[in-house]
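Below is protein-v9.tsv, holding TSV, C-alpha atoms and all ligand atoms.
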```tsv
chain	number	residue	atom	x	y	z
A	1	MET	CA	-45.02	-6.55	33.34
A	2	GLY	CA	-43.60	-9.59	31.49
A	3	PRO	CA	-40.91	-9.42	28.76
A	4	MET	CA	-41.89	-7.44	25.71
A	5	PRO	CA	-43.08	-9.65	22.80
A	6	ARG	CA	-40.45	-9.98	20.03
A	7	MET	CA	-42.50	-8.14	17.41
A	8	ASP	CA	-42.89	-5.12	19.65
A	9	ARG	CA	-39.20	-5.05	20.42
A	10	LYS	CA	-38.57	-5.24	16.71
A	11	LYS	CA	-40.84	-2.32	15.95
A	12	MET	CA	-39.48	-0.28	18.78
A	13	GLY	CA	-35.88	-0.89	17.74
A	14	TRP	CA	-36.66	0.26	14.24
A	15	LEU	CA	-38.45	3.35	15.49
A	16	LEU	CA	-35.52	4.24	17.71
A	17	LEU	CA	-33.10	3.83	14.82
A	18	ALA	CA	-35.30	5.96	12.57
A	19	LEU	CA	-35.34	8.64	15.27
A	20	LEU	CA	-31.58	8.46	15.65
A	21	LEU	CA	-31.06	8.78	11.90
A	22	LEU	CA	-33.31	11.81	11.87
A	23	LEU	CA	-31.53	13.44	14.80
A	24	THR	CA	-28.08	12.90	13.30
A	25	GLY	CA	-29.19	14.43	10.03
A	26	CYS	CA	-28.80	11.21	8.11
A	27	GLY	CA	-32.48	10.87	7.34
A	28	LYS	CA	-32.00	13.08	4.33
A	29	ARG	CA	-29.36	10.79	2.86
A	30	GLU	CA	-30.20	8.11	0.35
A	31	GLU	CA	-32.36	5.28	1.58
A	32	PRO	CA	-30.35	2.31	2.78
A	33	VAL	CA	-30.57	-0.82	0.72
A	34	THR	CA	-32.86	-3.07	2.68
A	35	GLY	CA	-34.53	-5.15	0.03
A	36	GLY	CA	-37.68	-3.06	0.28
A	37	HIS	CA	-38.54	-3.47	3.95
A	38	ALA	CA	-37.48	-1.78	7.14
A	39	PRO	CA	-34.67	-3.76	8.72
A	40	TYR	CA	-34.87	-5.26	12.14
A	41	VAL	CA	-32.22	-3.78	14.36
A	42	GLU	CA	-32.63	-5.25	17.81
A	43	ASP	CA	-30.99	-2.48	19.76
A	44	ALA	CA	-30.73	0.91	18.09
A	45	ALA	CA	-28.38	2.16	20.80
A	46	THR	CA	-25.72	-0.36	19.89
A	47	GLY	CA	-26.78	-0.97	16.31
A	48	LYS	CA	-26.59	-4.71	16.96
A	49	GLY	CA	-29.25	-7.14	15.90
A	50	GLU	CA	-30.20	-9.32	13.02
A	51	TYR	CA	-28.30	-7.09	10.61
A	52	ILE	CA	-24.70	-6.01	10.52
A	53	VAL	CA	-24.88	-2.24	10.24
A	54	VAL	CA	-22.35	-0.85	7.78
A	55	GLY	CA	-21.69	2.80	6.93
A	56	PHE	CA	-20.06	3.29	3.54
A	57	SER	CA	-18.55	6.64	2.59
A	58	GLN	CA	-18.28	6.68	-1.21
A	59	ILE	CA	-16.32	9.41	-3.01
A	60	GLY	CA	-18.90	10.43	-5.61
A	61	SER	CA	-19.93	9.43	-9.11
A	62	GLU	CA	-17.15	10.98	-11.17
A	63	SER	CA	-16.45	8.01	-13.44
A	64	ASP	CA	-17.67	4.70	-14.87
A	65	TRP	CA	-15.35	2.99	-12.39
A	66	ARG	CA	-17.04	4.75	-9.49
A	67	ILE	CA	-20.49	3.72	-10.70
A	68	GLY	CA	-19.26	0.12	-10.91
A	69	SER	CA	-17.90	0.44	-7.39
A	70	THR	CA	-21.14	1.81	-5.95
A	71	GLU	CA	-23.08	-0.95	-7.66
A	72	SER	CA	-20.74	-3.54	-6.17
A	73	PHE	CA	-21.21	-2.28	-2.60
A	74	ARG	CA	-24.95	-1.78	-2.97
A	75	SER	CA	-25.51	-5.27	-4.33
A	76	THR	CA	-23.29	-6.87	-1.67
A	77	PHE	CA	-24.45	-5.08	1.45
A	78	THR	CA	-28.12	-6.00	1.18
A	79	ALA	CA	-30.65	-7.12	3.77
A	80	GLU	CA	-30.69	-10.51	2.03
A	81	ASN	CA	-26.99	-10.81	2.82
A	82	GLY	CA	-27.59	-9.78	6.42
A	83	TYR	CA	-26.53	-6.14	6.18
A	84	TYR	CA	-28.06	-2.79	6.86
A	85	LEU	CA	-26.19	-0.36	4.61
A	86	ILE	CA	-25.98	3.36	5.26
A	87	TYR	CA	-24.60	4.73	2.01
A	88	ASP	CA	-23.19	8.23	1.73
A	89	ASP	CA	-22.10	9.96	-1.48
A	90	ALA	CA	-19.51	12.66	-0.70
A	91	GLN	CA	-19.84	14.41	-4.08
A	92	GLN	CA	-16.04	14.45	-4.51
A	93	LYS	CA	-15.48	16.48	-1.31
A	94	GLN	CA	-13.37	15.29	1.59
A	95	GLU	CA	-15.27	17.46	4.08
A	96	ASN	CA	-18.43	15.52	3.21
A	97	GLN	CA	-16.60	12.26	3.81
A	98	LEU	CA	-15.41	13.43	7.22
A	99	LYS	CA	-18.98	14.39	8.09
A	100	ALA	CA	-20.29	11.04	6.91
A	101	VAL	CA	-17.80	9.10	9.01
A	102	ARG	CA	-18.67	11.18	12.07
A	103	ASN	CA	-22.35	10.45	11.47
A	104	PHE	CA	-21.62	6.74	11.23
A	105	ILE	CA	-19.85	6.95	14.59
A	106	LEU	CA	-22.85	8.73	16.14
A	107	GLN	CA	-25.12	6.07	14.72
A	108	LYS	CA	-22.94	3.40	16.32
A	109	VAL	CA	-22.64	1.36	13.15
A	110	ASP	CA	-20.82	-1.98	13.37
A	111	TYR	CA	-18.33	-1.22	10.59
A	112	ILE	CA	-17.24	1.80	8.62
A	113	ILE	CA	-16.04	1.47	5.04
A	114	VAL	CA	-14.28	4.46	3.48
A	115	ASP	CA	-12.98	5.03	-0.02
A	116	PRO	CA	-10.89	8.10	0.85
A	117	ILE	CA	-10.75	10.76	-1.86
A	118	VAL	CA	-7.19	11.84	-0.96
A	119	GLU	CA	-4.61	10.28	1.34
A	120	THR	CA	-4.11	13.06	3.88
A	121	GLY	CA	-6.36	14.57	6.54
A	122	TRP	CA	-7.73	11.41	8.12
A	123	ASP	CA	-5.92	11.09	11.46
A	124	ALA	CA	-8.47	12.86	13.66
A	125	VAL	CA	-11.63	11.21	12.36
A	126	LEU	CA	-10.09	7.73	12.27
A	127	LYS	CA	-8.98	8.23	15.86
A	128	GLU	CA	-12.60	9.04	16.75
A	129	ALA	CA	-13.76	5.82	15.10
A	130	LYS	CA	-11.09	3.86	16.90
A	131	ASP	CA	-12.01	5.38	20.25
A	132	ALA	CA	-15.62	4.41	19.58
A	133	GLY	CA	-14.44	0.85	18.93
A	134	ILE	CA	-15.68	0.78	15.32
A	135	PRO	CA	-13.42	-1.01	12.82
A	136	VAL	CA	-12.66	1.00	9.69
A	137	ILE	CA	-12.05	-0.80	6.43
A	138	LEU	CA	-10.49	1.17	3.61
A	139	ALA	CA	-11.48	0.17	0.09
A	140	ASP	CA	-9.84	1.26	-3.18
A	141	ARG	CA	-7.89	4.39	-2.21
A	142	SER	CA	-5.87	4.57	0.97
A	143	VAL	CA	-4.75	7.04	3.64
A	144	LYS	CA	-1.47	8.37	4.94
A	145	VAL	CA	-1.76	8.42	8.74
A	146	GLU	CA	0.76	8.59	11.58
A	147	ASP	CA	-0.60	5.45	13.21
A	148	GLU	CA	-1.46	2.54	10.90
A	149	GLU	CA	-3.55	1.05	13.71
A	150	LEU	CA	-6.17	3.71	13.04
A	151	TYR	CA	-7.72	1.47	10.40
A	152	THR	CA	-8.26	-2.28	10.35
A	153	CYS	CA	-7.21	-3.02	6.78
A	154	TRP	CA	-7.16	-1.86	3.19
A	155	VAL	CA	-8.21	-3.65	0.03
A	156	GLY	CA	-7.65	-2.34	-3.49
A	157	SER	CA	-5.38	-2.20	-6.53
A	158	SER	CA	-1.67	-1.75	-6.83
A	159	PHE	CA	-1.83	1.57	-8.64
A	160	GLU	CA	1.93	1.75	-8.83
A	161	GLN	CA	1.99	-1.58	-10.63
A	162	GLU	CA	-0.70	-0.34	-13.03
A	163	GLY	CA	1.41	2.71	-13.86
A	164	ARG	CA	4.53	0.62	-14.36
A	165	SER	CA	2.66	-1.84	-16.60
A	166	ALA	CA	1.57	1.09	-18.77
A	167	GLY	CA	5.16	2.31	-19.08
A	168	GLU	CA	6.46	-1.15	-19.88
A	169	TRP	CA	3.72	-1.71	-22.44
A	170	LEU	CA	4.65	1.58	-24.13
A	171	ARG	CA	8.34	0.65	-24.22
A	172	GLU	CA	7.55	-2.67	-25.94
A	173	TYR	CA	5.08	-1.07	-28.34
A	174	LEU	CA	7.56	1.60	-29.45
A	175	LYS	CA	10.24	-1.05	-29.89
A	176	LYS	CA	7.96	-3.09	-32.15
A	177	GLN	CA	7.37	0.04	-34.21
A	178	GLY	CA	11.09	0.69	-34.51
A	179	ARG	CA	10.71	3.97	-32.59
A	180	GLU	CA	12.93	3.13	-29.62
A	181	ASP	CA	15.51	5.77	-30.54
A	182	GLU	CA	13.03	8.51	-31.40
A	183	GLU	CA	12.22	11.35	-29.06
A	184	ILE	CA	8.80	10.49	-27.57
A	185	ARG	CA	6.76	13.46	-26.35
A	186	ILE	CA	4.31	12.55	-23.58
A	187	VAL	CA	1.59	14.35	-21.61
A	188	THR	CA	-0.35	13.00	-18.62
A	189	LEU	CA	-3.93	13.67	-17.58
A	190	GLN	CA	-3.68	12.99	-13.88
A	191	GLY	CA	-6.47	11.93	-11.57
A	192	THR	CA	-7.52	13.83	-8.43
A	193	LEU	CA	-4.22	15.11	-7.02
A	194	GLY	CA	-3.27	13.44	-3.77
A	195	SER	CA	-5.47	10.39	-4.33
A	196	THR	CA	-3.84	6.99	-4.05
A	197	ALA	CA	-4.83	6.14	-7.63
A	198	GLN	CA	-3.19	9.31	-8.98
A	199	ILE	CA	-0.05	9.02	-6.86
A	200	GLY	CA	0.50	5.36	-7.69
A	201	ARG	CA	-0.14	5.60	-11.42
A	202	THR	CA	2.02	8.72	-11.79
A	203	GLU	CA	4.87	7.16	-9.81
A	204	GLY	CA	4.64	3.78	-11.53
A	205	PHE	CA	4.75	5.27	-15.02
A	206	GLY	CA	7.43	7.67	-13.80
A	207	LYS	CA	9.74	4.78	-12.91
A	208	VAL	CA	9.80	3.60	-16.54
A	209	LEU	CA	10.03	7.20	-17.78
A	210	GLU	CA	13.20	7.66	-15.72
A	211	GLN	CA	14.86	4.76	-17.55
A	212	GLU	CA	13.90	5.92	-21.05
A	213	LYS	CA	16.26	8.74	-21.85
A	214	ASN	CA	14.47	9.80	-25.03
A	215	TRP	CA	11.00	10.03	-23.46
A	216	VAL	CA	10.04	13.60	-22.58
A	217	MET	CA	7.18	14.36	-20.19
A	218	LEU	CA	5.96	17.65	-21.63
A	219	ASP	CA	3.25	18.29	-19.06
A	220	GLN	CA	1.13	16.65	-16.37
A	221	GLN	CA	-2.12	18.14	-15.13
A	222	SER	CA	-5.13	16.96	-13.23
A	223	GLY	CA	-8.41	16.27	-14.98
A	224	ASP	CA	-9.92	15.13	-11.67
A	225	PHE	CA	-10.90	11.74	-13.14
A	226	THR	CA	-13.80	13.30	-15.11
A	227	GLN	CA	-14.44	13.34	-18.84
A	228	ALA	CA	-15.23	17.08	-18.94
A	229	LYS	CA	-12.03	18.16	-17.18
A	230	GLY	CA	-10.00	15.61	-19.09
A	231	GLN	CA	-11.18	17.18	-22.34
A	232	GLU	CA	-10.49	20.70	-21.08
A	233	VAL	CA	-6.92	19.87	-20.05
A	234	MET	CA	-6.25	18.01	-23.30
A	235	GLU	CA	-7.49	21.02	-25.31
A	236	GLU	CA	-4.92	23.15	-23.47
A	237	PHE	CA	-2.17	20.61	-24.10
A	238	LEU	CA	-2.98	20.57	-27.81
A	239	LYS	CA	-2.79	24.37	-27.92
A	240	ASN	CA	0.53	24.44	-26.06
A	241	TYR	CA	2.42	21.63	-27.77
A	242	ASP	CA	2.42	21.15	-31.52
A	243	ARG	CA	3.57	17.56	-31.32
A	244	ILE	CA	2.30	15.09	-28.74
A	245	ASP	CA	3.09	11.40	-29.24
A	246	VAL	CA	1.51	9.83	-26.17
A	247	VAL	CA	-1.29	10.75	-23.76
A	248	VAL	CA	-1.33	8.88	-20.47
A	249	CYS	CA	-4.87	9.15	-19.12
A	250	GLU	CA	-5.12	8.12	-15.48
A	251	ASN	CA	-8.66	6.83	-16.02
A	252	ASP	CA	-11.01	5.88	-18.85
A	253	ASN	CA	-13.29	8.88	-18.57
A	254	MET	CA	-10.42	11.34	-19.01
A	255	ALA	CA	-9.34	9.27	-22.02
A	256	PHE	CA	-12.80	9.79	-23.55
A	257	GLY	CA	-12.37	13.53	-22.96
A	258	ALA	CA	-8.90	13.48	-24.51
A	259	ILE	CA	-10.15	11.67	-27.61
A	260	GLU	CA	-12.89	14.30	-28.04
A	261	ALA	CA	-10.30	17.06	-27.81
A	262	ILE	CA	-7.98	15.31	-30.28
A	263	LYS	CA	-10.77	14.83	-32.82
A	264	LYS	CA	-11.90	18.42	-32.42
A	265	ALA	CA	-8.35	19.51	-33.19
A	266	ASP	CA	-8.45	17.40	-36.39
A	267	LYS	CA	-5.85	15.01	-35.13
A	268	THR	CA	-6.05	11.23	-34.89
A	269	CYS	CA	-5.28	8.74	-32.15
A	270	GLY	CA	-5.14	5.02	-31.42
A	271	PRO	CA	-3.18	2.24	-33.16
A	272	ASP	CA	-3.81	3.71	-36.62
A	273	GLY	CA	-3.50	7.37	-35.61
A	274	GLU	CA	-0.84	9.90	-34.67
A	275	ILE	CA	-1.28	9.96	-30.89
A	276	ILE	CA	-0.93	6.92	-28.64
A	277	ILE	CA	-3.60	6.76	-25.91
A	278	LEU	CA	-3.07	4.79	-22.71
A	279	SER	CA	-5.80	4.51	-20.11
A	280	PHE	CA	-6.60	2.93	-16.74
A	281	ASP	CA	-9.73	1.14	-15.41
A	282	ALA	CA	-10.74	-0.87	-18.50
A	283	GLY	CA	-14.47	-0.42	-18.14
A	284	ARG	CA	-16.78	-1.68	-20.87
A	285	ALA	CA	-16.90	1.68	-22.69
A	286	ALA	CA	-13.11	1.86	-22.78
A	287	LEU	CA	-12.84	-1.68	-24.14
A	288	GLU	CA	-15.32	-0.71	-26.85
A	289	THR	CA	-13.19	2.35	-27.62
A	290	LEU	CA	-10.20	0.04	-27.85
A	291	LEU	CA	-12.12	-2.07	-30.32
A	292	ASP	CA	-12.94	1.10	-32.30
A	293	LYS	CA	-9.18	1.79	-32.37
A	294	ASP	CA	-9.21	5.11	-30.57
A	295	ILE	CA	-7.28	3.80	-27.55
A	296	ASN	CA	-4.06	1.74	-27.73
A	297	ALA	CA	-4.06	-0.02	-24.36
A	298	VAL	CA	-6.02	-0.05	-21.09
A	299	PHE	CA	-4.74	-1.19	-17.73
A	300	GLU	CA	-7.37	-2.83	-15.64
A	301	CYS	CA	-8.51	-1.59	-12.26
A	302	ASN	CA	-11.17	-3.69	-10.61
A	303	PRO	CA	-14.04	-1.79	-8.93
A	304	LYS	CA	-15.82	-4.90	-7.68
A	305	LEU	CA	-14.55	-4.67	-4.12
A	306	GLY	CA	-17.88	-5.16	-2.29
A	307	PRO	CA	-17.63	-8.98	-1.94
A	308	LEU	CA	-14.02	-8.75	-0.72
A	309	VAL	CA	-14.95	-6.24	1.96
A	310	SER	CA	-17.90	-8.41	2.98
A	311	GLU	CA	-15.55	-11.37	3.34
A	312	ILE	CA	-13.32	-9.28	5.59
A	313	ILE	CA	-16.29	-8.30	7.75
A	314	ARG	CA	-17.41	-11.93	8.05
A	315	LYS	CA	-13.93	-12.87	9.24
A	316	LEU	CA	-13.90	-10.08	11.79
A	317	GLU	CA	-17.34	-11.19	12.98
A	318	ARG	CA	-15.92	-14.66	13.63
A	319	GLY	CA	-13.07	-13.10	15.55
A	320	GLU	CA	-10.49	-14.06	12.92
A	321	SER	CA	-7.61	-11.83	11.96
A	322	VAL	CA	-7.47	-10.22	8.52
A	323	GLU	CA	-4.59	-9.16	6.32
A	324	LYS	CA	-3.68	-5.52	6.70
A	325	ILE	CA	-3.17	-5.01	2.98
A	326	GLN	CA	-4.92	-6.97	0.27
A	327	TYR	CA	-4.32	-6.39	-3.45
A	328	VAL	CA	-6.67	-7.48	-6.20
A	329	GLU	CA	-5.46	-9.16	-9.40
A	330	GLU	CA	-5.44	-7.15	-12.61
A	331	VAL	CA	-4.57	-7.49	-16.28
A	332	TYR	CA	-4.32	-5.22	-19.32
A	333	PHE	CA	-5.85	-5.13	-22.77
A	334	ASP	CA	-4.62	-3.82	-26.10
A	335	SER	CA	-6.01	-3.71	-29.61
A	336	THR	CA	-4.23	-6.89	-30.67
A	337	MET	CA	-6.43	-8.97	-28.34
A	338	ASP	CA	-9.77	-10.61	-28.96
A	339	LEU	CA	-12.03	-8.36	-26.92
A	340	GLU	CA	-15.58	-9.32	-27.92
A	341	GLN	CA	-16.00	-11.95	-25.22
A	342	ILE	CA	-14.42	-9.77	-22.53
A	343	ILE	CA	-16.70	-6.85	-23.42
A	344	GLU	CA	-19.72	-9.11	-23.24
A	345	GLU	CA	-18.87	-10.16	-19.72
A	346	ARG	CA	-17.84	-6.72	-18.46
A	347	THR	CA	-20.29	-5.47	-15.84
A	348	TYR	CA	-18.91	-1.97	-15.38
B	401	LIG	O1	-9.49	4.83	-11.62
B	401	LIG	C1	-11.21	6.41	-11.45
B	401	LIG	C2	-12.06	6.78	-10.30
B	401	LIG	O2	-9.86	5.28	-7.21
B	401	LIG	C3	-9.26	3.55	-8.68
B	401	LIG	O3	-11.21	6.63	-9.18
B	401	LIG	C4	-10.18	4.67	-8.40
B	401	LIG	C5	-10.21	5.71	-9.49
B	401	LIG	C6	-10.57	5.21	-10.87
B	401	LIG	O4	-12.71	7.95	-10.40
B	401	LIG	O5	-11.93	6.14	-12.60
```

Go ahead and express the file in the form of structure tokens.
Ligand code: GYE
Amino acid sequence: MGPMPRMDRKKMGWLLLALLLLLTGCGKREEPVTGGHAPYVEDAATGKGEYIVVGFSQIGSESDWRIGSTESFRSTFTAENGYYLIYDDAQQKQENQLKAVRNFILQKVDYIIVDPIVETGWDAVLKEAKDAGIPVILADRSVKVEDEELYTCWVGSSFEQEGRSAGEWLREYLKKQGREDEEIRIVTLQGTLGSTAQIGRTEGFGKVLEQEKNWVMLDQQSGDFTQAKGQEVMEEFLKNYDRIDVVVCENDNMAFGAIEAIKKADKTCGPDGEIIILSFDAGRAALETLLDKDINAVFECNPKLGPLVSEIIRKLERGESVEKIQYVEEVYFDSTMDLEQIIEERTY
């Protein structure tokens, strides 16, 4: 028997991959982005072929930021760009992420991308990926592991810097208002506890807080990065403290929840109101809220990490080395700025 014709090998490879996906329980997951046709994977056993097979473990869909992030990965890792993406939504649960990564290993993907919900609990599964020879790229949030060699690299924001920028902005703002000697009563709606974004933003803001002797942090509680929980926690805060001067919201969606709670309690916020609102992410909806004068300032966090991760993968494919840690550039916005143009161009 002569060599198998290319088309038949193609079909067979695809069938084998489909079978493998079914056996590993991944068939029930969302369809990979393939530009509408079944991808050609030359050898299902190794996952190698015309496409670079990438497994992406996303956290969930808890916020506008997250939706922007998913969109960025989905539109980057397409068949047109030479990828076969296996996307997994962990529904905000680390156990689902661990399962997803283990499935990617079984499927012998070429690369694993993880946006880890919290920093701890990753040693074992990352060791399994390493033993299988699959590079792991961390995007957005990071991990705390004993051996940094367990992942190839990390790309994301300096959350600590974002937190510090918020604190420094507040200091300047209060000074301009002649309130630098007043007692300033602050509450914080924290993100998912133990996540890199929460830890960094809390610590960064905390550094400025330490220097400002008349700032008082009345309370900090997690709203899990969602609007609903943000509102719930803010309602509690408003019941417990009769005067709140500043709410630090560790993402936009919790800020929206906080604003709801404040309005329900017949209080006002923003540059013309009683309560100062600071937020992180700077998605389109938050910039519009800034324009409506319900938020005072937003500190940008860029969810468009897909192209950066793709660049990293291309380098690794060429056998080049990549930087272990790569930060993305970010800015901030407040209500004194001209926002119309920025809002127009905002894609998340
Ligand atoms: O700020 C928040 C999202 O990890 C930076 O997660 C991300 C954060 C983002 O749910 O909106």

Original post:
Which chains and residue numbers are within 6 Å of ligand LIG 401 (chain B), counting all atoms listed in the file, if I want them as JSON, numbers by chain?
Top reply: {"A": [62, 63, 65, 66, 140, 141, 197, 225, 251, 281]}

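Residue nearest A:Leu150 within the list A:Gly68, A:Lys99, A:Lys324, A:Val233: A:Lys324 [criterion: smallest interatomic distance, only C-alpha atoms].
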
**OP:** Just the residues within 9 Å of stretch 158-172 of chain A, please, counting all atoms listed in the file, with nothing from its chain fewer than 4 positions along; format it as a PyMOL selection string.
**Re:** chain A and resi 176-177+180+196-209+212+248+250+276+278-280+297-301+327-332

**OP:** Find the residues around A:Glu260 up to 9 Å (all atoms listed in the file counted), leave out those fewer than 4 positions away in its own chain, and share them as a list in words.
**Re:** Gln231, Met234, Ala255, Phe256, Lys264 and Ala265 of chain A

**OP:** Find the spatial neighbours of stretch 72-74 of chain A, counting only C-alpha atoms, within a cut-off of 12 Å - ignore same-chain residues fewer than 6 positions away - and output them as an NGL selection string.
**Re:** :A and (30-35 or 54-58 or 65-66 or 80-81 or 83-88 or 113-115 or 139-140 or 302-310 or 347-348)

**OP:** For A:Glu274, list every protein, DNA or RNA residue within 7 Å, evaluated using only C-alpha atoms, and leave out those in the same chain fewer than 4 positions away; present the list as a list in words.
**Re:** Asp245, Thr268 and Cys269 of chain A

**OP:** Return the single residue from A:Leu106, A:Ile295, A:Val216, A:Ile112 that is closest to A:Ile277, with distances computed using only C-alpha atoms.
**Re:**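 Nearest candidate to A:Ile277 out of A:Leu106, A:Ile295, A:Val216, A:Ile112: A:Ile295.
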
Original post:
Restricting the calculation to all atoms listed in the file, which member of A:Ile325, A:Ile275, A:Ile312, A:Leu193 is positioned closest to A:Asp294?
Top reply: A:Ile275

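For the pair atom CA of A:Gln91 and atom CA of A:Gly156, the separation is 20.7 Å.
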
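You can rank A:Val155, A:Val136, A:Ile244, A:Val322 by their closest distance to A:Asp110 using only C-alpha atoms, and at the top of that list sits A:Val136.
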
Original post:
In Å, how far is it from atom CA of A:Ile67 to atom CA of A:Val109?
Top reply: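 That distance, rounded to one decimal, is 24.1 Å.
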